[in-house]
$ cat coords.txt   # compact mmCIF, C-alpha atoms
# COMPACT_ATOMS: atom_id res chain seq x y z
CA MET A 207 14.31 -50.75 -29.04
CA THR A 208 16.54 -48.07 -27.45
CA MET A 209 14.68 -45.60 -25.29
CA HIS A 210 15.84 -41.99 -25.69
CA CYS A 211 15.38 -38.92 -23.55
CA THR A 212 12.27 -36.83 -24.12
CA MET A 213 12.51 -33.04 -24.26
CA ASP A 214 11.16 -33.01 -20.68
CA ASP A 215 14.13 -35.19 -19.66
CA LEU A 216 16.62 -32.99 -21.51
CA VAL A 217 15.21 -29.75 -20.09
CA ALA A 218 15.35 -31.27 -16.61
CA VAL A 219 18.97 -32.37 -17.14
CA HIS A 220 19.76 -28.86 -18.42
CA ASP A 221 18.27 -27.44 -15.22
CA GLY A 222 20.29 -29.91 -13.11
CA GLU A 223 17.11 -31.72 -12.11
CA GLY A 224 17.23 -34.75 -14.41
CA SER A 225 16.53 -38.24 -13.18
CA VAL A 226 19.44 -40.63 -12.57
CA TRP A 227 18.40 -42.59 -15.64
CA ALA A 228 18.28 -39.50 -17.87
CA ARG A 229 21.66 -38.22 -16.72
CA ARG A 230 23.28 -41.60 -17.22
CA HIS A 231 21.59 -42.05 -20.60
CA VAL A 232 22.80 -38.69 -21.87
CA GLU A 233 26.34 -39.69 -21.02
CA GLU A 234 26.00 -42.99 -22.85
CA CYS A 235 23.85 -42.01 -25.86
CA GLY A 236 25.47 -39.83 -28.52
CA GLU A 237 22.14 -38.88 -30.03
CA CYS A 238 20.69 -37.60 -26.75
CA ARG A 239 23.96 -35.89 -25.83
CA GLY A 240 23.73 -34.09 -29.17
CA GLU A 241 20.18 -33.01 -28.36
CA LEU A 242 21.28 -31.76 -24.95
CA ASP A 243 24.14 -29.79 -26.54
CA ALA A 244 21.69 -28.29 -29.02
CA LEU A 245 19.45 -27.28 -26.10
CA TYR A 246 22.40 -25.60 -24.38
CA GLN A 247 23.17 -23.79 -27.65
CA ARG A 248 19.60 -22.63 -28.12
CA VAL A 249 19.47 -21.23 -24.62
CA ALA A 250 22.81 -19.49 -25.15
CA GLN A 251 21.58 -18.08 -28.46
CA LEU A 252 18.36 -16.88 -26.84
CA LYS A 253 20.40 -15.06 -24.23
CA ALA A 254 22.53 -13.55 -26.97
CA LEU A 255 19.60 -12.20 -28.98
CA PRO A 256 19.96 -8.46 -29.53
CA ALA A 257 17.97 -6.29 -27.18
CA LEU A 258 14.77 -4.93 -28.69
CA ARG A 259 14.58 -1.22 -28.04
CA PRO A 260 11.40 0.72 -27.50
CA PRO A 261 10.39 2.57 -30.66
CA ARG A 262 9.03 5.58 -28.78
CA ASP A 263 10.02 7.45 -25.68
CA ARG A 264 7.42 6.66 -23.03
CA TRP A 265 9.01 8.79 -20.32
CA PRO A 266 6.90 11.92 -21.06
CA MET A 267 3.73 9.85 -20.52
CA VAL A 268 5.10 8.27 -17.36
CA ARG A 269 6.17 11.71 -16.07
CA ASP A 270 2.74 13.20 -16.86
CA VAL A 271 1.00 10.45 -14.90
CA ILE A 272 3.38 10.92 -11.95
CA THR A 273 2.85 14.69 -11.97
CA ALA A 274 -0.92 14.33 -12.25
CA GLU A 275 -1.04 11.82 -9.39
CA ARG A 276 1.10 14.06 -7.21
CA ALA A 277 -1.13 17.04 -7.93
CA HIS A 278 -4.18 14.93 -7.13
CA ARG A 279 -2.60 13.79 -3.87
CA ARG A 280 -1.71 17.36 -2.95
CA ARG A 281 -5.28 18.47 -3.64
CA ARG A 282 -6.61 15.63 -1.53
CA TRP A 283 -4.31 16.56 1.36
CA THR A 284 -5.24 20.21 1.03
CA ARG A 285 -8.93 19.28 1.16
CA ALA A 286 -8.33 17.05 4.15
CA GLY A 287 -6.38 19.87 5.79
CA LEU A 288 -9.21 22.32 5.21
CA VAL A 289 -11.76 19.90 6.63
CA LEU A 290 -9.57 19.40 9.70
CA ALA A 291 -9.05 23.12 10.13
CA ALA A 292 -12.79 23.73 9.87
CA ALA A 293 -13.48 20.98 12.39
CA PHE A 294 -10.90 22.48 14.75
CA ALA A 295 -12.33 25.96 14.37
CA GLY A 296 -15.82 24.60 15.05
CA LEU A 297 -14.55 22.90 18.16
CA MET A 298 -12.91 26.10 19.35
CA VAL A 299 -16.23 27.90 18.99
CA LEU A 300 -18.38 25.14 20.46
CA LEU A 301 -16.22 24.20 23.44
CA PRO A 302 -16.54 27.54 25.26
CA LEU A 303 -20.26 27.52 24.51
CA MET A 304 -20.57 24.02 25.93
CA HIS A 305 -18.53 25.03 28.96
CA GLY A 306 -20.56 28.23 29.32
CA ARG A 307 -23.73 26.16 29.27
CA ALA A 308 -22.37 23.88 31.98
CA TYR A 309 -21.32 26.86 34.13
CA ALA A 310 -24.71 28.51 33.74
CA ASP A 311 -26.45 25.31 34.85
CA GLU A 312 -24.20 24.98 37.88
CA LEU A 313 -24.65 28.64 38.74
CA ALA A 314 -28.43 28.39 38.56
CA GLN A 315 -28.32 25.25 40.70
CA ALA A 316 -26.13 26.93 43.35
CA LYS A 317 -28.35 30.05 43.42
CA GLN A 318 -31.43 27.89 43.83
CA GLN A 319 -29.88 25.88 46.65
CA SER A 320 -28.81 29.09 48.35
CA ALA A 321 -32.34 30.52 48.08
CA GLN A 322 -33.83 27.31 49.49
CA LEU A 323 -31.47 27.46 52.46
CA GLU A 324 -32.34 31.14 52.99
CA GLY A 325 -36.02 30.12 53.02
CA THR A 326 -35.37 27.31 55.50
CA LEU A 327 -33.59 29.78 57.78
CA GLN A 328 -36.42 32.33 57.53
CA ASP A 329 -39.06 29.69 58.33
CA TYR A 330 -37.42 29.06 61.68
CA ASP A 331 -37.37 32.79 62.54
CA PRO A 332 -33.78 32.75 63.82
CA GLU A 333 -33.97 36.28 65.23
CA GLY A 334 -36.64 35.29 67.69
CA ARG A 335 -34.81 32.30 69.10
CA VAL A 336 -32.37 31.98 71.97
CA MET A 337 -28.78 30.89 71.23
CA SER A 338 -25.92 29.78 73.37
CA GLY A 339 -22.78 31.86 73.40
CA ARG A 340 -20.87 29.34 71.31
CA GLU A 341 -23.71 29.13 68.74
CA ALA A 342 -23.95 32.91 68.62
CA ASP A 343 -20.21 33.16 67.97
CA LEU A 344 -20.29 30.50 65.25
CA THR A 345 -23.38 32.09 63.67
CA ALA A 346 -21.75 35.51 63.65
CA ARG A 347 -18.60 34.19 61.97
CA LEU A 348 -20.61 32.30 59.33
CA GLU A 349 -22.77 35.36 58.65
CA ASP A 350 -19.62 37.50 58.30
CA GLN A 351 -18.19 35.08 55.79
CA ILE A 352 -21.47 35.05 53.86
CA ALA A 353 -21.53 38.83 53.85
CA ALA A 354 -17.96 38.93 52.55
CA LEU A 355 -18.91 36.47 49.81
CA ASP A 356 -21.97 38.50 48.92
CA GLY A 357 -19.69 41.53 48.59
CA GLN A 358 -17.47 39.66 46.13
CA LEU A 359 -20.49 38.39 44.22
CA ALA A 360 -21.86 41.90 43.96
CA GLN A 361 -18.53 43.07 42.53
CA LEU A 362 -18.41 40.29 39.93
CA GLY A 363 -21.95 40.78 38.78
CA ASP A 364 -23.01 38.30 36.05
CA ARG A 365 -20.11 38.77 33.67
CA ALA A 366 -19.78 35.72 31.49
CA GLN A 367 -15.98 35.62 31.49
CA GLN A 368 -16.00 35.17 35.26
CA GLU A 369 -18.55 32.39 35.29
CA ALA A 370 -16.14 29.91 36.81
CA GLN A 371 -15.37 32.26 39.67
CA LEU A 372 -19.06 33.03 40.18
CA VAL A 373 -19.94 29.36 40.38
CA ASP A 374 -17.16 28.83 42.89
CA LEU A 375 -18.33 31.71 45.10
CA TRP A 376 -21.92 30.59 44.96
CA ARG A 377 -20.88 27.07 45.93
CA GLN A 378 -19.00 28.52 48.88
CA ARG A 379 -22.09 30.51 49.80
CA VAL A 380 -24.26 27.38 49.68
CA ASP A 381 -21.77 25.59 51.87
CA LEU A 382 -21.78 28.41 54.43
CA MET A 383 -25.55 28.65 54.35
CA GLN A 384 -25.80 24.92 55.01
CA GLN A 385 -23.51 25.34 58.00
CA LEU A 386 -25.58 28.28 59.22
CA VAL A 387 -28.82 26.36 58.85
CA GLN A 388 -27.26 23.44 60.63
CA VAL A 389 -26.13 25.63 63.51
CA ARG A 390 -29.39 27.57 63.92
CA VAL A 391 -32.24 25.39 62.72
CA THR A 392 -30.94 21.89 63.45
CA ARG A 393 -29.64 22.96 66.81
CA ALA A 394 -32.98 24.64 67.60
CA ASN A 395 -34.78 21.40 66.75
CA TYR A 396 -32.33 19.47 68.89
CA VAL A 397 -32.89 21.57 71.99
CA GLY A 398 -36.62 21.78 71.37
CA LEU A 399 -36.72 25.58 71.07
CA MET B 4 21.67 -9.04 -24.85
CA THR B 5 24.38 -7.17 -23.00
CA LEU B 6 23.29 -4.11 -21.11
CA SER B 7 24.73 -2.40 -18.11
CA LEU B 8 22.05 -2.63 -15.48
CA THR B 9 23.92 -1.07 -12.61
CA VAL B 10 22.78 2.26 -11.28
CA PRO B 11 24.41 4.36 -8.55
CA ASP B 12 22.96 3.99 -5.06
CA ILE B 13 22.54 7.74 -4.83
CA LEU B 14 20.21 7.63 -7.84
CA VAL B 15 18.07 5.01 -6.12
CA ALA B 16 18.06 7.05 -2.90
CA ARG B 17 16.95 10.18 -4.77
CA ALA B 18 14.30 8.20 -6.64
CA LYS B 19 13.02 6.91 -3.29
CA ALA B 20 12.70 10.51 -2.17
CA GLY B 21 10.52 11.17 -5.22
CA ASP B 22 13.06 13.16 -7.22
CA LEU B 23 11.65 13.31 -10.75
CA GLU B 24 15.08 13.54 -12.38
CA ALA B 25 16.25 10.44 -10.52
CA LEU B 26 13.11 8.60 -11.54
CA GLU B 27 13.84 9.51 -15.14
CA GLY B 28 17.39 8.23 -14.59
CA LEU B 29 15.98 4.87 -13.53
CA PHE B 30 13.60 4.87 -16.46
CA ARG B 31 16.46 5.51 -18.88
CA ALA B 32 18.58 2.79 -17.29
CA PHE B 33 15.91 0.11 -17.43
CA GLU B 34 13.52 1.01 -20.23
CA THR B 35 15.30 -1.17 -22.80
CA PRO B 36 15.55 -4.37 -20.71
CA VAL B 37 11.95 -3.91 -19.58
CA TYR B 38 10.79 -3.33 -23.13
CA ASN B 39 12.86 -6.27 -24.36
CA LEU B 40 11.32 -8.59 -21.76
CA ALA B 41 7.82 -7.33 -22.49
CA ARG B 42 8.32 -7.48 -26.23
CA ARG B 43 9.51 -11.08 -26.05
CA ILE B 44 6.34 -11.98 -24.18
CA CYS B 45 3.74 -9.74 -25.82
CA ARG B 46 3.07 -10.07 -29.50
CA ALA B 47 2.38 -6.42 -30.26
CA PRO B 48 5.04 -3.72 -29.79
CA GLU B 49 2.36 -1.35 -28.47
CA ASP B 50 1.56 -3.82 -25.70
CA ALA B 51 5.22 -3.98 -24.78
CA GLU B 52 5.33 -0.17 -24.64
CA ASP B 53 2.32 -0.19 -22.34
CA VAL B 54 4.06 -2.74 -20.14
CA VAL B 55 7.06 -0.39 -19.93
CA GLN B 56 4.78 2.43 -18.82
CA GLU B 57 2.87 0.28 -16.29
CA THR B 58 6.11 -1.16 -14.94
CA PHE B 59 7.65 2.24 -14.28
CA LEU B 60 4.50 3.62 -12.71
CA GLU B 61 4.61 0.64 -10.37
CA VAL B 62 8.31 1.26 -9.74
CA VAL B 63 7.54 4.90 -8.84
CA LYS B 64 4.76 3.79 -6.52
CA SER B 65 6.72 1.05 -4.79
CA ILE B 66 10.34 2.23 -4.92
CA ARG B 67 10.20 3.05 -1.20
CA ASP B 68 9.54 -0.64 -0.51
CA TYR B 69 12.71 -1.65 -2.36
CA ARG B 70 15.20 -2.32 0.43
CA GLY B 71 18.26 -2.78 -1.71
CA GLU B 72 18.30 -6.52 -1.15
CA GLY B 73 19.36 -8.05 -4.45
CA HIS B 74 19.91 -6.29 -7.73
CA LEU B 75 17.53 -3.49 -8.60
CA TRP B 76 17.05 -5.02 -12.02
CA GLY B 77 15.87 -8.24 -10.36
CA TRP B 78 13.18 -6.26 -8.55
CA ILE B 79 12.13 -4.29 -11.63
CA ARG B 80 12.21 -7.47 -13.72
CA GLN B 81 9.71 -9.11 -11.37
CA ILE B 82 7.37 -6.15 -11.82
CA ALA B 83 7.85 -6.12 -15.59
CA ALA B 84 7.18 -9.86 -15.89
CA SER B 85 4.11 -9.51 -13.73
CA LYS B 86 2.78 -6.64 -15.85
CA ALA B 87 3.49 -8.45 -19.11
CA LEU B 88 1.79 -11.64 -17.93
CA MET B 89 -1.12 -9.64 -16.54
CA ARG B 90 -1.53 -8.09 -19.97
CA LEU B 91 -1.60 -11.53 -21.55
CA ARG B 92 -4.25 -12.62 -19.07
CA ARG B 93 -6.26 -9.44 -19.43
CA GLU B 94 -6.50 -9.73 -23.14
CA LYS B 95 -7.53 -13.33 -22.83
CA LEU B 96 -4.87 -14.44 -25.20
CA ARG B 97 -4.79 -17.89 -23.70
CA ALA B 98 -7.74 -18.94 -25.77
CA THR B 99 -5.95 -17.69 -28.86
CA ASP B 100 -2.81 -19.45 -27.63
CA GLU B 101 -4.46 -22.82 -27.89
CA LEU B 102 -5.63 -22.01 -31.40
CA ILE B 103 -2.17 -20.90 -32.46
CA ASP B 104 -0.63 -23.97 -30.88
CA GLU B 105 -2.88 -26.26 -32.80
CA THR B 106 -2.92 -24.50 -36.13
CA ALA B 107 0.73 -23.57 -36.37
CA GLY B 108 1.72 -27.14 -37.11
CA SER B 109 3.41 -26.40 -40.39
CA PRO B 110 5.58 -23.33 -40.71
CA PRO B 111 5.37 -21.20 -43.82
CA ALA B 112 7.48 -22.54 -46.67
CA SER B 113 9.50 -19.34 -46.82
CA ILE B 114 10.84 -20.06 -43.35
CA GLY B 115 12.20 -23.49 -44.31
CA ALA B 116 15.78 -24.20 -43.38
CA ARG B 117 16.69 -20.51 -43.08
CA ILE B 118 14.51 -19.90 -40.12
CA ASP B 119 16.51 -18.35 -37.39
CA LEU B 120 16.01 -18.49 -33.69
CA GLU B 121 14.34 -15.10 -33.52
CA ARG B 122 11.68 -16.07 -36.00
CA ALA B 123 11.23 -19.51 -34.48
CA PHE B 124 10.83 -17.92 -31.09
CA ALA B 125 8.27 -15.51 -32.50
CA GLN B 126 6.21 -18.49 -33.64
CA LEU B 127 5.76 -19.80 -30.16
CA THR B 128 2.58 -19.06 -28.29
CA GLU B 129 2.57 -16.15 -25.86
CA THR B 130 2.56 -18.49 -22.90
CA SER B 131 5.43 -20.60 -24.27
CA ARG B 132 7.42 -17.49 -25.14
CA ALA B 133 6.86 -16.11 -21.68
CA VAL B 134 7.99 -19.31 -20.01
CA VAL B 135 11.06 -19.73 -22.24
CA TRP B 136 12.11 -16.11 -21.91
CA LEU B 137 11.55 -15.86 -18.19
CA HIS B 138 13.23 -19.20 -17.46
CA ASP B 139 16.06 -19.42 -19.97
CA VAL B 140 16.98 -15.76 -20.39
CA GLU B 141 15.80 -13.89 -17.31
CA GLY B 142 16.62 -16.75 -14.95
CA PHE B 143 13.23 -17.14 -13.24
CA THR B 144 12.70 -20.48 -11.51
CA HIS B 145 9.70 -22.63 -12.41
CA GLU B 146 8.27 -21.80 -8.99
CA GLU B 147 8.51 -18.07 -9.71
CA ILE B 148 6.99 -18.46 -13.15
CA ALA B 149 4.17 -20.59 -11.77
CA GLU B 150 3.45 -17.96 -9.14
CA GLN B 151 3.52 -15.10 -11.63
CA MET B 152 1.27 -16.97 -14.05
CA GLY B 153 -1.07 -18.34 -11.45
CA ARG B 154 -0.33 -21.88 -12.66
CA THR B 155 1.47 -24.94 -11.32
CA VAL B 156 5.19 -25.69 -11.42
CA SER B 157 4.56 -28.71 -13.65
CA PHE B 158 2.67 -26.45 -16.07
CA SER B 159 5.74 -24.22 -16.33
CA LYS B 160 8.03 -27.22 -16.82
CA SER B 161 5.86 -28.83 -19.47
CA GLN B 162 5.45 -25.51 -21.30
CA LEU B 163 9.23 -25.13 -21.39
CA ALA B 164 9.76 -28.64 -22.72
CA ARG B 165 7.04 -28.21 -25.34
CA ALA B 166 8.48 -24.87 -26.39
CA HIS B 167 11.97 -26.31 -26.82
CA ALA B 168 10.64 -29.26 -28.75
CA ARG B 169 8.88 -26.82 -31.05
CA LEU B 170 11.91 -24.56 -31.39
CA ARG B 171 14.03 -27.56 -32.26
CA ARG B 172 11.60 -28.62 -34.96
CA LEU B 173 11.36 -25.10 -36.38
CA LEU B 174 15.10 -24.61 -36.38
CA VAL B 175 15.86 -27.84 -38.20
CA ALA B 176 12.86 -27.21 -40.45
CA GLU B 177 11.41 -30.55 -39.67
CA PRO B 178 7.85 -31.07 -40.76
CA GLU B 179 5.88 -30.74 -37.55
CA VAL B 180 3.53 -33.42 -36.36
CA PRO B 181 0.19 -31.73 -35.67

$ encode --input "coords.txt" --output "structure tokens"
Amino acid sequence: MTMHCTMDDLVAVHDGEGSVWARRHVEECGECRGELDALYQRVAQLKALPALRPPRDRWPMVRDVITAERAHRRRRWTRAGLVLAAAFAGLMVLLPLMHGRAYADELAQAKQQSAQLEGTLQDYDPEGRVMSGREADLTARLEDQIAALDGQLAQLGDRAQQEAQLVDLWRQRVDLMQQLVQVRVTRANYVGL
Amino acid sequence: MTLSLTVPDILVARAKAGDLEALEGLFRAFETPVYNLARRICRAPEDAEDVVQETFLEVVKSIRDYRGEGHLWGWIRQIAASKALMRLRREKLRATDELIDETAGSPPASIGARIDLERAFAQLTETSRAVVWLHDVEGFTHEEIAEQMGRTVSFSKSQLARAHARLRRLLVAEPEVP
């Protein structure tokens, strides 16, 4: 019994993937060669079928969807923009407040330190104690600087917009007071006066 | 099916920029081949129209990703085939496919010897039609078809062979063996 190509064999040969046996058989067998030719014809006829055209114009629907999606996207971006703007505005309001709070804390701390140092100085009754010439000179210069600072502080008052400057001056005052205490009190302790 | 599927590069560039007129230009250039492909795969004309719409919405969404490598029609064709096959899957026509495959053993008497290729093709199952059309007409490889259908390469090959065997029988009006 002669074995012929199956449709799987013929389709594979048509695709250039047929087995050696199938390719050789198609060359030798008229019946299978006829089937292969018919397959080629069918494929060619399928390719030549007239194009089926859409019965209705779908572009208006496609365009409407595109337009709607674009509008939706724009709205989403606008909303996102508004949220961002609101967040930015909030930040602009909060940041100075947060900074102001930080300045106020630092200012209070510096004032407190200054007052403590003043108290320390008073406790040692500096006016009633003997100083060397060098100490007296140093003390006088420190007290002059403190007086000058106090003058600036009095001019600034407690205006909020100058908080940074106030804090800086008060820090300078604390520093000078510490030096003054060190000169008068520490030195007095050192010499046993 | 002879259609000019070449569009000017400037049209593609404008479409990429979102120009609505250019997008309509692309739609006009490719609506018929997309519909034709979809109609050969889907049984109902309305389904094919929906595939046209879905395909072009996808084209609009993804046109920026098209880098101009290969023919634009090749890229759109991939989308169209994917949408058409997705529609087949979505509507669970595979179950019906099997039924049609089994019950369509004998063609109506009126078809007889006068049956032409178009009518024979229409008698194939959706899956068989899809494989035949994508492979023989649109030039998809079995690998591409398998990927699009979520099946194996051998499935695509066997579907093609079965479909041609059936077409052959229908065209020569042979009584089919159930």

$ closest_atom_pairs --input "coords.txt" --of "chain A" --to "chain B" --cutoff "10 Å" --atoms "only C-alpha atoms" --output "JSON lines"
{"residue": "A:Thr212", "atom": "CA", "partner": "B:Ala164", "partner_atom": "CA", "distance": 8.7}
{"residue": "A:Met213", "atom": "CA", "partner": "B:Ala164", "partner_atom": "CA", "distance": 5.4}
{"residue": "A:Asp214", "atom": "CA", "partner": "B:Ala164", "partner_atom": "CA", "distance": 5.0}
{"residue": "A:Asp215", "atom": "CA", "partner": "B:Ala164", "partner_atom": "CA", "distance": 8.4}
{"residue": "A:Leu216", "atom": "CA", "partner": "B:Ala164", "partner_atom": "CA", "distance": 8.2}
{"residue": "A:Val217", "atom": "CA", "partner": "B:Ala164", "partner_atom": "CA", "distance": 6.2}
{"residue": "A:Ala218", "atom": "CA", "partner": "B:Lys160", "partner_atom": "CA", "distance": 8.4}
{"residue": "A:Asp221", "atom": "CA", "partner": "B:Asp139", "partner_atom": "CA", "distance": 9.6}
{"residue": "A:Glu241", "atom": "CA", "partner": "B:Arg171", "partner_atom": "CA", "distance": 9.1}
{"residue": "A:Ala244", "atom": "CA", "partner": "B:Arg171", "partner_atom": "CA", "distance": 8.3}
{"residue": "A:Leu245", "atom": "CA", "partner": "B:His167", "partner_atom": "CA", "distance": 7.6}
{"residue": "A:Tyr246", "atom": "CA", "partner": "B:Asp139", "partner_atom": "CA", "distance": 9.9}
{"residue": "A:Arg248", "atom": "CA", "partner": "B:Leu120", "partner_atom": "CA", "distance": 7.8}
{"residue": "A:Val249", "atom": "CA", "partner": "B:Asp139", "partner_atom": "CA", "distance": 6.0}
{"residue": "A:Ala250", "atom": "CA", "partner": "B:Val140", "partner_atom": "CA", "distance": 8.4}
{"residue": "A:Gln251", "atom": "CA", "partner": "B:Leu120", "partner_atom": "CA", "distance": 7.7}
{"residue": "A:Leu252", "atom": "CA", "partner": "B:Val140", "partner_atom": "CA", "distance": 6.7}
{"residue": "A:Lys253", "atom": "CA", "partner": "B:Val140", "partner_atom": "CA", "distance": 5.2}
{"residue": "A:Ala254", "atom": "CA", "partner": "B:Met4", "partner_atom": "CA", "distance": 5.1}
{"residue": "A:Leu255", "atom": "CA", "partner": "B:Met4", "partner_atom": "CA", "distance": 5.6}
{"residue": "A:Pro256", "atom": "CA", "partner": "B:Met4", "partner_atom": "CA", "distance": 5.0}
{"residue": "A:Ala257", "atom": "CA", "partner": "B:Met4", "partner_atom": "CA", "distance": 5.2}
{"residue": "A:Leu258", "atom": "CA", "partner": "B:Asn39", "partner_atom": "CA", "distance": 4.9}
{"residue": "A:Arg259", "atom": "CA", "partner": "B:Thr35", "partner_atom": "CA", "distance": 5.3}
{"residue": "A:Pro260", "atom": "CA", "partner": "B:Tyr38", "partner_atom": "CA", "distance": 6.0}
{"residue": "A:Pro261", "atom": "CA", "partner": "B:Pro48", "partner_atom": "CA", "distance": 8.3}
{"residue": "A:Arg262", "atom": "CA", "partner": "B:Glu52", "partner_atom": "CA", "distance": 8.0}
{"residue": "A:Asp263", "atom": "CA", "partner": "B:Glu52", "partner_atom": "CA", "distance": 9.0}
{"residue": "A:Arg264", "atom": "CA", "partner": "B:Gln56", "partner_atom": "CA", "distance": 6.5}
{"residue": "A:Trp265", "atom": "CA", "partner": "B:Glu27", "partner_atom": "CA", "distance": 7.1}
{"residue": "A:Pro266", "atom": "CA", "partner": "B:Glu27", "partner_atom": "CA", "distance": 9.4}
{"residue": "A:Met267", "atom": "CA", "partner": "B:Gln56", "partner_atom": "CA", "distance": 7.7}
{"residue": "A:Val268", "atom": "CA", "partner": "B:Gln56", "partner_atom": "CA", "distance": 6.0}
{"residue": "A:Arg269", "atom": "CA", "partner": "B:Leu23", "partner_atom": "CA", "distance": 7.8}
{"residue": "A:Val271", "atom": "CA", "partner": "B:Leu60", "partner_atom": "CA", "distance": 8.0}
{"residue": "A:Ile272", "atom": "CA", "partner": "B:Leu60", "partner_atom": "CA", "distance": 7.4}
{"residue": "A:Thr273", "atom": "CA", "partner": "B:Leu23", "partner_atom": "CA", "distance": 9.0}

$ write_last_selection --input "coords.txt" --atoms "C-alpha atoms" --output "PDB file, in the frame of the given file"
ATOM      1  CA  THR A 212      12.270 -36.830 -24.120  1.00  0.00           C
ATOM      2  CA  MET A 213      12.510 -33.040 -24.260  1.00  0.00           C
ATOM      3  CA  ASP A 214      11.160 -33.010 -20.680  1.00  0.00           C
ATOM      4  CA  ASP A 215      14.130 -35.190 -19.660  1.00  0.00           C
ATOM      5  CA  LEU A 216      16.620 -32.990 -21.510  1.00  0.00           C
ATOM      6  CA  VAL A 217      15.210 -29.750 -20.090  1.00  0.00           C
ATOM      7  CA  ALA A 218      15.350 -31.270 -16.610  1.00  0.00           C
ATOM      8  CA  ASP A 221      18.270 -27.440 -15.220  1.00  0.00           C
ATOM      9  CA  GLU A 241      20.180 -33.010 -28.360  1.00  0.00           C
ATOM     10  CA  ALA A 244      21.690 -28.290 -29.020  1.00  0.00           C
ATOM     11  CA  LEU A 245      19.450 -27.280 -26.100  1.00  0.00           C
ATOM     12  CA  TYR A 246      22.400 -25.600 -24.380  1.00  0.00           C
ATOM     13  CA  ARG A 248      19.600 -22.630 -28.120  1.00  0.00           C
ATOM     14  CA  VAL A 249      19.470 -21.230 -24.620  1.00  0.00           C
ATOM     15  CA  ALA A 250      22.810 -19.490 -25.150  1.00  0.00           C
ATOM     16  CA  GLN A 251      21.580 -18.080 -28.460  1.00  0.00           C
ATOM     17  CA  LEU A 252      18.360 -16.880 -26.840  1.00  0.00           C
ATOM     18  CA  LYS A 253      20.400 -15.060 -24.230  1.00  0.00           C
ATOM     19  CA  ALA A 254      22.530 -13.550 -26.970  1.00  0.00           C
ATOM     20  CA  LEU A 255      19.600 -12.200 -28.980  1.00  0.00           C
ATOM     21  CA  PRO A 256      19.960  -8.460 -29.530  1.00  0.00           C
ATOM     22  CA  ALA A 257      17.970  -6.290 -27.180  1.00  0.00           C
ATOM     23  CA  LEU A 258      14.770  -4.930 -28.690  1.00  0.00           C
ATOM     24  CA  ARG A 259      14.580  -1.220 -28.040  1.00  0.00           C
ATOM     25  CA  PRO A 260      11.400   0.720 -27.500  1.00  0.00           C
ATOM     26  CA  PRO A 261      10.390   2.570 -30.660  1.00  0.00           C
ATOM     27  CA  ARG A 262       9.030   5.580 -28.780  1.00  0.00           C
ATOM     28  CA  ASP A 263      10.020   7.450 -25.680  1.00  0.00           C
ATOM     29  CA  ARG A 264       7.420   6.660 -23.030  1.00  0.00           C
ATOM     30  CA  TRP A 265       9.010   8.790 -20.320  1.00  0.00           C
ATOM     31  CA  PRO A 266       6.900  11.920 -21.060  1.00  0.00           C
ATOM     32  CA  MET A 267       3.730   9.850 -20.520  1.00  0.00           C
ATOM     33  CA  VAL A 268       5.100   8.270 -17.360  1.00  0.00           C
ATOM     34  CA  ARG A 269       6.170  11.710 -16.070  1.00  0.00           C
ATOM     35  CA  VAL A 271       1.000  10.450 -14.900  1.00  0.00           C
ATOM     36  CA  ILE A 272       3.380  10.920 -11.950  1.00  0.00           C
ATOM     37  CA  THR A 273       2.850  14.690 -11.970  1.00  0.00           C
TER      38      THR A 273
END

$ atom_distance --input "coords.txt" --atom1 "atom CA of Phe158 of chain B" --atom2 "atom CA of Arg132 of chain B"
13.6 Å

$ closest_residue --input "coords.txt" --among "A:Gly236, A:Asp374, A:Arg282, A:Cys211" --to "Leu362 of chain A" --atoms "only C-alpha atoms"
A:Asp374

$ atom_distance --input "coords.txt" --atom1 "atom CA of Gln384 of chain A" --atom2 "atom CA of Ala346 of chain A"
14.3 Å

$ atom_distance --input "coords.txt" --atom1 "atom CA of Ile352 of chain A" --atom2 "atom CA of Arg379 of chain A"
6.1 Å

$ closest_residue --input "coords.txt" --among "B:Ala123, B:Ile148, B:Val62, B:Leu29" --to "Ala84 of chain B" --atoms "only C-alpha atoms"
B:Ile148

$ residues_around --input "coords.txt" --residues "Leu382 of chain A" --least-positions-apart "5" --cutoff "9 Å" --atoms "all atoms listed in the file" --output "list in words"
Leu348, Glu349, Gln351, Ile352, Arg377 and Val387 of chain A

$ residues_around --input "coords.txt" --residues "Leu75 of chain B" --least-positions-apart "4" --cutoff "8 Å" --atoms "only C-alpha atoms" --output "NGL selection string"
:B and (9 or 71 or 79)
